[in-house]
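**Q** Next up is a structure, given as C-alpha cells.
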Amino acid sequence: MKPETTGNMLMEAPERLGDRVYEHLREMVLSGELEAGDRLSVPNLALRFAVSRSPIREAVQRLIQDGLAVDEPRRGATVTSVSSEHLAGLFEIREALEGLAARLAAKRASNDQIEKLKAALEAHQVAVAANEQELRQSENLRFHRIIHQAASNVDLLRQLENLDAKVRLAIRRTGAIKGDMEETIDEHRQIFQAIMARDPDAAETAARKHIGRVREKLLQL
C-alpha cells in the first residue's frame, strides 16, 4: 500500500475506514499479492496499514464471509485455496447466473447500456489484438459487468459480484487460459448481438455456452 494512501485512511471516519481496509485486502487477495494459504494476521496487517486492529479484524471477517479466506484451527484466517472441484462448482453457478443476467439484459437494457456494451466489446477486441493482458482482462470484466447492471436485478447483481471475486481468485490460482481470446471475442459478440436484438432466449444460450466453454477449458489445466 502506498504511504499516502495509508495516511489518507487514518483520517477517515471509522465506517469509511473499514470499507477501505476491506477493499485493499480484497484486492491484495484477488491480485495475487496475498497467495493461497497466506495468513491474514490481524496484528501484522494493522502495522502494515498503520491502522488499529478493529478495521482489520472486520475486513478479515468479511473476506471469510465472501469465501476469499477461511478460518483454520490454530492458524487463524488464511487466503482460500482453490481445488478443481471448487472451481467446477463455481462455474456451474456462474453459468446459470450469467445466463439469467443476459436474458434479463435482453429485456431490460437501455439504449445507453447497449452502446456501452458495444464499446466494451470493441475495446476488448483492441486489447486482444495488442496483446495487452491487463487491459484485456479489465475490458473482459467490464463487458460482463455492463450486462449485470443491465439486468436491473439488485439481488442478482449482488450474487454475481460475490461470485466474480471467487472466479477471479480461482482463475489466478489455476492459471490463465491461453489461446482462447478469439473464441472469447466471438462469444461476446454473439451475446451482444442477442441483447441488441432483444432476444432473451438467444442471449441466455450464448452466455451459458460462453461460460460453459471457459469452465471446460479451465478444468483441463
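Residues are referred to by chain and number: the chain letter is A, B, ... according to the order shown in the C-alpha cells, the number counts from 1 in that chain, and ligands are numbered separately from 1 in the order shown.
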What lies within 8 Å of region 52-69 of chain A using only C-alpha atoms, ignoring chain neighbours under 3 positions off, as a short mmCIF file (atom, residue, chain, number, x, y, z; two decimals) with N, CA and C atoms, in the first residue's frame?
**A**
```cif
data_model
loop_
_atom_site.label_atom_id
_atom_site.label_comp_id
_atom_site.auth_asym_id
_atom_site.auth_seq_id
_atom_site.Cartn_x
_atom_site.Cartn_y
_atom_site.Cartn_z
N PRO A 14 -14.58 6.04 10.90
CA PRO A 14 -14.43 4.60 11.13
C PRO A 14 -15.16 3.73 10.12
N LEU A 17 -13.30 3.93 6.85
CA LEU A 17 -12.00 3.28 7.01
C LEU A 17 -12.14 1.77 6.90
N GLY A 18 -13.17 1.22 7.54
CA GLY A 18 -13.39 -0.22 7.46
C GLY A 18 -13.61 -0.69 6.04
N ASP A 19 -14.37 0.08 5.26
CA ASP A 19 -14.61 -0.27 3.86
C ASP A 19 -13.32 -0.20 3.05
N VAL A 21 -10.19 -0.50 4.13
CA VAL A 21 -9.31 -1.59 4.52
C VAL A 21 -9.76 -2.88 3.85
N TYR A 22 -11.07 -3.12 3.87
CA TYR A 22 -11.61 -4.33 3.24
C TYR A 22 -11.30 -4.35 1.75
N LEU A 25 -7.58 -5.14 1.18
CA LEU A 25 -7.28 -6.54 1.45
C LEU A 25 -7.85 -7.44 0.37
N ARG A 26 -9.06 -7.16 -0.04
CA ARG A 26 -9.72 -7.95 -1.09
C ARG A 26 -8.91 -7.91 -2.38
N VAL A 29 -5.78 -9.98 -2.27
CA VAL A 29 -6.07 -11.41 -2.47
C VAL A 29 -6.31 -11.69 -3.95
N LEU A 40 -3.63 -14.24 7.34
CA LEU A 40 -4.13 -12.87 7.44
C LEU A 40 -4.02 -12.45 8.90
N VAL A 42 -3.95 -10.32 11.93
CA VAL A 42 -4.51 -9.01 12.27
C VAL A 42 -3.44 -8.05 12.79
N PRO A 43 -2.57 -8.46 13.73
CA PRO A 43 -1.52 -7.54 14.20
C PRO A 43 -0.58 -7.09 13.08
N LEU A 45 -1.12 -7.04 9.77
CA LEU A 45 -1.80 -6.20 8.80
C LEU A 45 -2.10 -4.81 9.37
N ALA A 46 -2.39 -4.75 10.66
CA ALA A 46 -2.63 -3.45 11.30
C ALA A 46 -1.38 -2.59 11.23
N ALA A 77 -7.08 -16.97 10.26
CA ALA A 77 -7.58 -16.74 8.90
C ALA A 77 -6.45 -16.84 7.88
N THR A 78 -6.73 -17.54 6.78
CA THR A 78 -5.77 -17.66 5.68
C THR A 78 -6.51 -17.46 4.36
N VAL A 79 -5.76 -17.11 3.32
CA VAL A 79 -6.34 -16.93 2.00
C VAL A 79 -6.80 -18.28 1.46
N THR A 80 -7.98 -18.31 0.88
CA THR A 80 -8.57 -19.54 0.37
C THR A 80 -7.73 -20.15 -0.75
N ASN A 162 -20.26 -11.12 -5.87
CA ASN A 162 -19.59 -12.03 -4.95
C ASN A 162 -18.96 -13.19 -5.71
N ALA A 165 -15.65 -12.31 -7.69
CA ALA A 165 -14.43 -12.29 -6.88
C ALA A 165 -13.86 -13.69 -6.73
N LYS A 166 -14.73 -14.66 -6.46
CA LYS A 166 -14.27 -16.04 -6.30
C LYS A 166 -13.72 -16.60 -7.61
N LEU A 169 -10.29 -15.20 -8.32
CA LEU A 169 -9.32 -15.89 -7.47
C LEU A 169 -9.03 -17.28 -8.02
#
```
**Q** Just list the residues in region 16-153 of chain A DSSP gives alpha helix (DSSP H) on the backbone, as number ranges by chain.
**A** A: 16-31, 42-49, 53-66, 84-108, 111-129, 133-150
**Q** Have a look at A:Asp112, A:Asp38, A:Asp71, A:Glu95 and name the one nearest to Lys209 (chain A); count only C-alpha atoms.
**A**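 Residue with the minimum atom-to-atom distance to Lys209 (chain A): A:Glu95.
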**Q** List every residue of region 55-111 of chain A that has an atom at most 12 Å from any atom of region 140-145 of chain A, and for each one report the closest atom pair and its distance in Å to one decimal, counting only C-alpha atoms, with rows sorted by chain and then by increasing residue number, as a tab-separated table.
**A**
```
residue	atom	partner	partner_atom	distance
A:Arg94	CA	A:His144	CA	11.5
A:Leu97	CA	A:His144	CA	11.4
A:Glu98	CA	A:His144	CA	8.3
A:Gly99	CA	A:His144	CA	11.1
A:Ala101	CA	A:His144	CA	9.3
A:Ala102	CA	A:His144	CA	9.1
A:Ala105	CA	A:His144	CA	10.9
```
**Q** With N, CA and C atoms retained, could you export that selection as a PDB file, in the first residue's frame?
**A**
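For reference, part_13.pdb as written:
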```pdb
ATOM      1  N   ARG A  94     -21.946 -19.953 -11.972  1.00  0.00           N
ATOM      2  CA  ARG A  94     -21.748 -18.786 -12.831  1.00  0.00           C
ATOM      3  C   ARG A  94     -22.468 -18.953 -14.167  1.00  0.00           C
ATOM      4  N   LEU A  97     -26.136 -18.108 -13.571  1.00  0.00           N
ATOM      5  CA  LEU A  97     -26.379 -16.696 -13.263  1.00  0.00           C
ATOM      6  C   LEU A  97     -26.064 -15.776 -14.437  1.00  0.00           C
ATOM      7  N   GLU A  98     -24.990 -16.070 -15.174  1.00  0.00           N
ATOM      8  CA  GLU A  98     -24.660 -15.247 -16.349  1.00  0.00           C
ATOM      9  C   GLU A  98     -25.731 -15.420 -17.422  1.00  0.00           C
ATOM     10  N   GLY A  99     -26.261 -16.626 -17.541  1.00  0.00           N
ATOM     11  CA  GLY A  99     -27.344 -16.850 -18.495  1.00  0.00           C
ATOM     12  C   GLY A  99     -28.571 -16.034 -18.140  1.00  0.00           C
ATOM     13  N   ALA A 101     -28.629 -13.299 -16.287  1.00  0.00           N
ATOM     14  CA  ALA A 101     -28.317 -11.877 -16.457  1.00  0.00           C
ATOM     15  C   ALA A 101     -28.447 -11.458 -17.919  1.00  0.00           C
ATOM     16  N   ALA A 102     -27.947 -12.278 -18.826  1.00  0.00           N
ATOM     17  CA  ALA A 102     -28.038 -11.955 -20.253  1.00  0.00           C
ATOM     18  C   ALA A 102     -29.494 -11.953 -20.718  1.00  0.00           C
ATOM     19  N   ALA A 105     -31.024  -8.803 -19.394  1.00  0.00           N
ATOM     20  CA  ALA A 105     -30.464  -7.644 -20.094  1.00  0.00           C
ATOM     21  C   ALA A 105     -31.100  -7.474 -21.466  1.00  0.00           C
TER      22      ALA A 105
END
```
**Q** For Ser152 (chain A), which residue out of A:Leu135, A:Leu47, A:Leu100, A:Met28 is the nearest one, using only C-alpha atoms?
**A**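 That would be A:Leu100, the residue with the smallest distance to Ser152 (chain A).
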**Q** Rank A:Glu132, A:Glu27, A:Glu161, A:Glu122 by their smallest atom-to-atom distance to His188 (chain A), using only C-alpha atoms, and report the top residue only.
**A** A:Glu122
**Q** So which bits of region 24-97 of chain A end up strand (DSSP E) when you DSSP the backbone, as a ChimeraX atom specification?
**A** /A:69-72,76-79
**Q** Based on the selection just made, write C-alpha atoms of those residues as a PDB file, in the first residue's frame.
**A**
```
ATOM      1  CA  ALA A  69     -10.489 -16.545   3.214  1.00  0.00           C
ATOM      2  CA  VAL A  70     -11.012 -19.391   5.664  1.00  0.00           C
ATOM      3  CA  ASP A  71     -10.617 -19.603   9.437  1.00  0.00           C
ATOM      4  CA  GLU A  72      -8.280 -22.525  10.175  1.00  0.00           C
ATOM      5  CA  GLY A  76      -6.342 -18.288  12.135  1.00  0.00           C
ATOM      6  CA  ALA A  77      -7.579 -16.739   8.901  1.00  0.00           C
ATOM      7  CA  THR A  78      -5.773 -17.664   5.678  1.00  0.00           C
ATOM      8  CA  VAL A  79      -6.345 -16.930   1.999  1.00  0.00           C
TER       9      VAL A  79
END
```
**Q** Just to confirm, what's the straight-line distance from CA of Ile211 (chain A) to CA of Lys107 (chain A) in Å (one decimal)?
**A** 20.4 Å
**Q** For Asp164 (chain A), which residue among A:Glu23, A:Met196, A:Ala36, A:Leu30 is the nearest when counting only C-alpha atoms?
**A** A:Leu30
